[in-house]
Each structure stands twice: as C-alpha cells, then as structure tokens.
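coords.txt follows (compact mmCIF, C-alpha atoms):
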```
# COMPACT_ATOMS: atom_id res chain seq x y z
CA MET A 177 83.88 91.67 139.41
CA LYS A 178 86.28 89.05 140.71
CA GLN A 179 83.51 86.43 140.79
CA TRP A 180 82.67 87.16 137.16
CA VAL A 181 86.30 86.70 136.12
CA ASP A 182 86.60 83.49 138.16
CA ARG A 183 83.45 82.10 136.52
CA LEU A 184 84.85 83.01 133.09
CA TYR A 185 88.12 81.23 133.87
CA ALA A 186 86.23 78.18 135.15
CA ARG A 187 84.23 78.03 131.91
CA MET A 188 87.41 78.40 129.86
CA ASP A 189 89.04 75.56 131.83
CA ALA A 190 86.00 73.29 131.42
CA LEU A 191 85.88 73.94 127.68
CA GLY A 192 89.64 73.41 127.44
CA GLU A 193 89.37 70.03 129.18
CA ARG A 194 86.58 68.91 126.85
CA LEU A 195 88.45 70.00 123.73
CA GLY A 196 91.88 68.89 124.96
CA GLU A 197 91.65 65.45 123.42
CA LYS A 198 89.39 66.22 120.47
CA GLN A 199 90.97 66.18 117.07
CA LEU A 200 89.74 66.52 113.54
CA ARG A 201 91.39 64.75 110.62
CA ILE A 202 90.92 66.25 107.17
CA PRO A 203 92.34 65.31 103.78
CA VAL A 204 94.51 68.33 103.03
CA ASP A 205 94.69 68.26 99.24
CA LEU A 206 91.02 67.41 98.75
CA THR A 207 89.89 70.13 101.15
CA ALA A 208 92.24 72.74 99.67
CA GLY A 209 91.07 71.91 96.15
CA ILE A 210 87.41 72.33 97.08
CA VAL A 211 87.94 75.49 99.14
CA PHE A 212 89.99 77.28 96.50
CA PHE A 213 87.65 76.19 93.71
CA LEU A 214 84.78 77.78 95.63
CA PHE A 215 86.95 80.86 96.28
CA ALA A 216 87.57 81.24 92.53
CA VAL A 217 83.84 80.89 91.81
CA VAL A 218 83.04 83.61 94.36
CA ILE A 219 85.67 85.92 92.84
CA LEU A 220 84.20 85.37 89.37
CA LEU A 221 80.70 86.09 90.66
CA VAL A 222 81.73 89.25 92.51
CA MET A 223 84.02 90.64 89.82
CA PRO A 224 81.31 92.21 87.59
CA ASN A 225 80.18 94.37 90.51
CA GLN A 226 83.72 95.37 91.47
CA VAL A 227 85.56 95.99 88.19
CA VAL A 228 84.08 98.43 85.69
CA VAL A 229 84.41 97.48 82.02
CA SER A 230 85.05 100.01 79.30
CA ASP A 231 84.00 99.27 75.72
CA LYS A 232 86.94 101.29 74.39
CA ASP A 233 89.65 99.01 75.80
CA ALA A 234 90.77 95.92 73.90
CA VAL A 235 91.66 94.23 77.19
CA ASP A 236 89.64 95.35 80.16
CA GLY A 237 90.33 95.12 83.88
CA ARG A 238 88.55 91.77 84.18
CA ALA A 239 90.61 89.87 81.61
CA PHE A 240 93.60 88.89 83.74
CA PRO A 241 91.67 88.14 86.95
CA THR A 242 89.17 86.05 84.98
CA LEU A 243 91.94 84.11 83.29
CA LEU A 244 93.68 83.60 86.63
CA MET A 245 90.49 82.33 88.30
CA VAL A 246 89.75 79.96 85.41
CA VAL A 247 93.28 78.52 85.61
CA MET A 248 92.89 78.20 89.37
CA MET A 249 89.57 76.39 88.94
CA LEU A 250 91.14 73.98 86.43
CA CYS A 251 94.06 73.24 88.75
CA CYS A 252 91.67 72.74 91.68
CA ALA A 253 89.51 70.41 89.61
CA MET A 254 92.59 68.34 88.70
CA LEU A 255 93.66 68.24 92.35
CA VAL A 256 90.19 67.15 93.50
CA GLY A 257 90.06 64.56 90.72
CA LYS A 258 93.45 63.17 91.73
CA GLU A 259 92.39 62.94 95.38
CA LEU A 260 89.06 61.30 94.51
CA TYR A 261 90.99 58.76 92.41
CA LYS A 262 93.24 58.06 95.42
CA LEU A 263 90.17 57.67 97.59
CA ALA A 264 88.51 55.27 95.12
CA THR A 265 91.65 53.13 94.67
CA LYS A 266 92.38 53.12 98.43
CA ARG A 267 95.75 54.81 97.99
CA PRO A 268 97.15 56.84 100.88
CA MET A 269 96.12 60.48 101.05
CA ASN A 270 97.70 63.41 102.89
CA TRP A 271 95.85 64.00 106.15
CA LYS A 272 96.14 66.86 108.60
CA VAL A 273 95.25 66.50 112.26
CA ILE A 274 93.68 69.63 113.71
CA HIS A 275 93.65 69.99 117.48
CA LEU A 276 90.41 71.77 118.31
CA GLN A 277 91.70 73.30 121.55
CA THR A 278 94.59 75.02 119.77
CA GLU A 279 92.35 76.29 116.99
CA LEU A 280 89.79 77.59 119.46
CA LYS A 281 92.50 79.57 121.24
CA ALA A 282 93.51 81.13 117.93
CA LEU A 283 89.87 81.96 117.15
CA VAL A 284 89.44 83.69 120.53
CA ILE A 285 92.51 85.85 119.85
CA LEU A 286 91.18 86.65 116.39
CA ALA A 287 87.77 87.51 117.88
CA ILE A 288 89.38 89.93 120.35
CA LEU A 289 91.18 91.67 117.49
CA VAL A 290 88.08 91.81 115.26
CA VAL A 291 85.86 93.15 118.06
CA SER A 292 88.49 95.77 118.89
CA TYR A 293 88.70 96.84 115.26
CA LEU A 294 84.93 96.99 114.86
CA LEU A 295 84.49 99.05 118.01
CA ALA A 296 87.20 101.47 116.89
CA ARG A 297 85.59 101.68 113.47
CA VAL A 298 82.02 102.16 114.72
CA THR A 299 82.89 104.71 117.40
CA ASP A 300 85.50 106.36 115.18
CA LEU A 301 87.80 106.43 118.21
CA PHE A 302 90.99 104.42 118.08
CA VAL A 303 91.27 104.60 121.86
CA VAL A 304 88.07 102.57 122.33
CA GLY A 305 89.45 99.72 120.23
CA ALA A 306 92.80 99.91 122.03
CA LEU A 307 91.12 99.75 125.44
CA VAL A 308 88.93 96.80 124.48
CA CYS A 309 91.89 95.01 122.91
CA SER A 310 94.05 95.57 125.99
CA LEU A 311 91.33 94.43 128.37
CA GLY A 312 90.49 91.43 126.20
CA PHE A 313 94.06 90.18 126.12
CA LEU A 314 94.61 90.78 129.82
CA VAL A 315 91.47 88.80 130.68
CA TYR A 316 92.20 86.07 128.12
CA PHE A 317 95.74 85.52 129.37
CA ARG A 318 94.46 85.51 132.96
CA CYS A 319 96.27 88.49 134.32
CA ARG A 320 95.21 88.83 137.96
CA LYS A 321 97.13 91.95 139.04
CA PRO A 322 94.89 95.02 139.01
CA SER A 323 97.94 97.24 138.56
CA TYR A 324 98.55 95.69 135.13
CA TYR A 325 95.05 96.68 134.05
CA ALA A 326 95.54 100.21 135.37
CA ILE A 327 98.95 100.60 133.72
CA THR A 328 97.77 99.21 130.38
CA LEU A 329 94.62 101.33 130.23
CA THR A 330 96.48 104.47 131.34
CA LEU A 331 99.18 103.94 128.71
CA ALA A 332 96.60 103.33 125.97
CA VAL A 333 94.79 106.57 126.79
CA ALA A 334 98.05 108.51 127.20
CA ILE A 335 99.44 107.32 123.86
CA TRP A 336 96.16 108.11 122.10
CA THR A 337 96.04 111.55 123.75
CA ALA A 338 99.63 112.31 122.75
CA PHE A 339 99.04 111.34 119.13
CA ARG A 340 95.61 112.97 118.87
CA PHE A 341 96.14 116.27 120.65
CA VAL A 342 99.92 116.88 120.70
CA LEU A 343 100.90 115.50 117.29
CA ASN A 344 97.47 116.16 115.66
CA VAL A 345 97.23 112.66 114.21
CA ASP A 346 93.61 111.77 113.50
CA PHE A 347 93.20 108.00 113.39
```

In structure tokens, write the structure found in this file.
Amino acid sequence: MKQWVDRLYARMDALGERLGEKQLRIPVDLTAGIVFFLFAVVILLVMPNQVVVSDKDAVDGRAFPTLLMVVMMLCCAMLVGKELYKLATKRPMNWKVIHLQTELKALVILAILVVSYLLARVTDLFVVGALVCSLGFLVYFRCRKPSYYAITLTLAVAIWTAFRFVLNVDF
C-alpha cells in the first residue's frame, strides 16, 4: 500500500513540475461573451422540455426566461463585437493569465467532491461518500500518519451511525 501511495505522489510531483511554468493567456471579455452566449442558447433550447406552457395563461412560464436569455444574447453579441473591433484595430484587450498547475489542483479537489457525491448517490449511503471524500482528501494532501486515516474514518462512520440510528435521520 505504501508503494502505491509513493508512486502516486511521485506522479503528482512530476505532473506538478511539468505544469509549474505553463500558463494560458485568454482574452477575458471575448471568452466570457462567447461562453455566456452559448449558455443562453442552451437555455433557450432546453426550456421547452423543462417549462410546461398553458394555453390559458396570457404570460406563460417561458416568457421572462426567454426575454432574459434574448437580452443576455444581445449583450454578449455587443461584447464580442466590441472585442473583435479591438482585435482588428490592434487596441489593447483585457487578458487573464491562467496558471495550469493551480487550476489542475482545483479540478482534482472538485473531482474528489463529485466522485464522493456520486458514490453516495448511487449507493444511497451517505457514509460511503463521506469515507471516499475523507480518504481522497487525506491522500491528496499527502497525509502520511496512519492514525489520521483511522481517526477520520472512525469519526465518519460514528457520525453517520449517530445520525442514522440514534436520531433517525435518513440521508
């Protein structure tokens, strides 16, 4: 088990060294305009399946969201147009530098949380998600003391047991 963890840490270090100096520069306003325009299009495409329309109502449940998405698309189009004009006339644009190592760390943390949630959801046992989440964070943050693993796992099971069987909370 220790060799597996050491190999995992070695891979994490190697990846961290490779990504340590890598950066990505993106034009913030242009990217935001495109992303939110596409978001509005997706909302408009999904809305007929999500919001039921009644013929009896003068204003149905789609009226305000549709209006909001159209206004958002217009504003995004103006923002993209402004940024393309800046690009064509060689005017300075707002750029954001993204450090890939930092973003990868955030994605790993998000992945631990999502996997924990999915396991809890699929198994219908909160304790499974809590155990996976605890183990994931202990491994990710390189905790080497076995007592920390034992304490964390014991507390997760004890808290779940207390809520489930003593307080009759079904989650």

- Item | Selected residue of minimal separation from A:Asp205 among A:Val246, A:Ile219, A:Ala338, A:Ala253, counting all atoms listed in the file |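 The answer is A:Ala253, which sits nearest to A:Asp205.
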
- Pairwise distance, atom CA of A:Lys321 with atom CA of A:Gln277, equals 26.1 Å

For A:Leu195, work out the shell of residues within 12 Å, counting all atoms listed in the file and skipping chain neighbours fewer than 5 positions away, then give it as a PDB file with C-alpha atoms, in the frame of the given file.
```
ATOM      1  CA  MET A 188      87.410  78.400 129.860  1.00  0.00           C
ATOM      2  CA  ASP A 189      89.040  75.560 131.830  1.00  0.00           C
ATOM      3  CA  ALA A 190      86.000  73.290 131.420  1.00  0.00           C
ATOM      4  CA  LEU A 200      89.740  66.520 113.540  1.00  0.00           C
ATOM      5  CA  ILE A 274      93.680  69.630 113.710  1.00  0.00           C
ATOM      6  CA  HIS A 275      93.650  69.990 117.480  1.00  0.00           C
ATOM      7  CA  LEU A 276      90.410  71.770 118.310  1.00  0.00           C
ATOM      8  CA  GLN A 277      91.700  73.300 121.550  1.00  0.00           C
ATOM      9  CA  THR A 278      94.590  75.020 119.770  1.00  0.00           C
ATOM     10  CA  GLU A 279      92.350  76.290 116.990  1.00  0.00           C
ATOM     11  CA  LEU A 280      89.790  77.590 119.460  1.00  0.00           C
ATOM     12  CA  LYS A 281      92.500  79.570 121.240  1.00  0.00           C
TER      13      LYS A 281
END
```

- Selection near A:Arg318, 12 Å with only C-alpha atoms, sequence-local residues under 3 positions removed, as a list in words: Lys178, Val181, Asp182, Leu184, Tyr185, Ala186, Met188, Asp189, Leu311, Gly312, Phe313, Leu314, Val315, Lys321, Pro322, Tyr324 and Tyr325 of chain A

- Which residue gives the smallest distance to A:Leu263 among A:Val211, A:Asp300, A:Pro203, A:Gly305, with all atoms listed in the file counted?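 Nearest candidate to A:Leu263 out of A:Val211, A:Asp300, A:Pro203, A:Gly305: A:Pro203.
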
- Pick from A:Leu289, A:Leu295, A:Arg187, A:Leu307: nearest to A:Thr330, with only C-alpha atoms counted?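 Among the listed residues, A:Leu307 lies closest to A:Thr330.
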
Listed atoms of stretch 289-293 of chain A boxed axis-aligned with 4 Å per side, centre + edges as lines of an AutoDock Vina configuration file:
```
center_x = 88.5
center_y = 94.3
center_z = 117.1
size_x = 13.3
size_y = 13.2
size_z = 11.6
```

- Message: Between A:Cys309, A:Ala326, A:Cys252, A:Pro268, which residue has the minimum interatomic distance to A:Ile285, considering all atoms listed in the file?
- Response: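 Checking each of A:Cys309, A:Ala326, A:Cys252, A:Pro268 against A:Ile285, counting all atoms listed in the file, the winner is A:Cys309.
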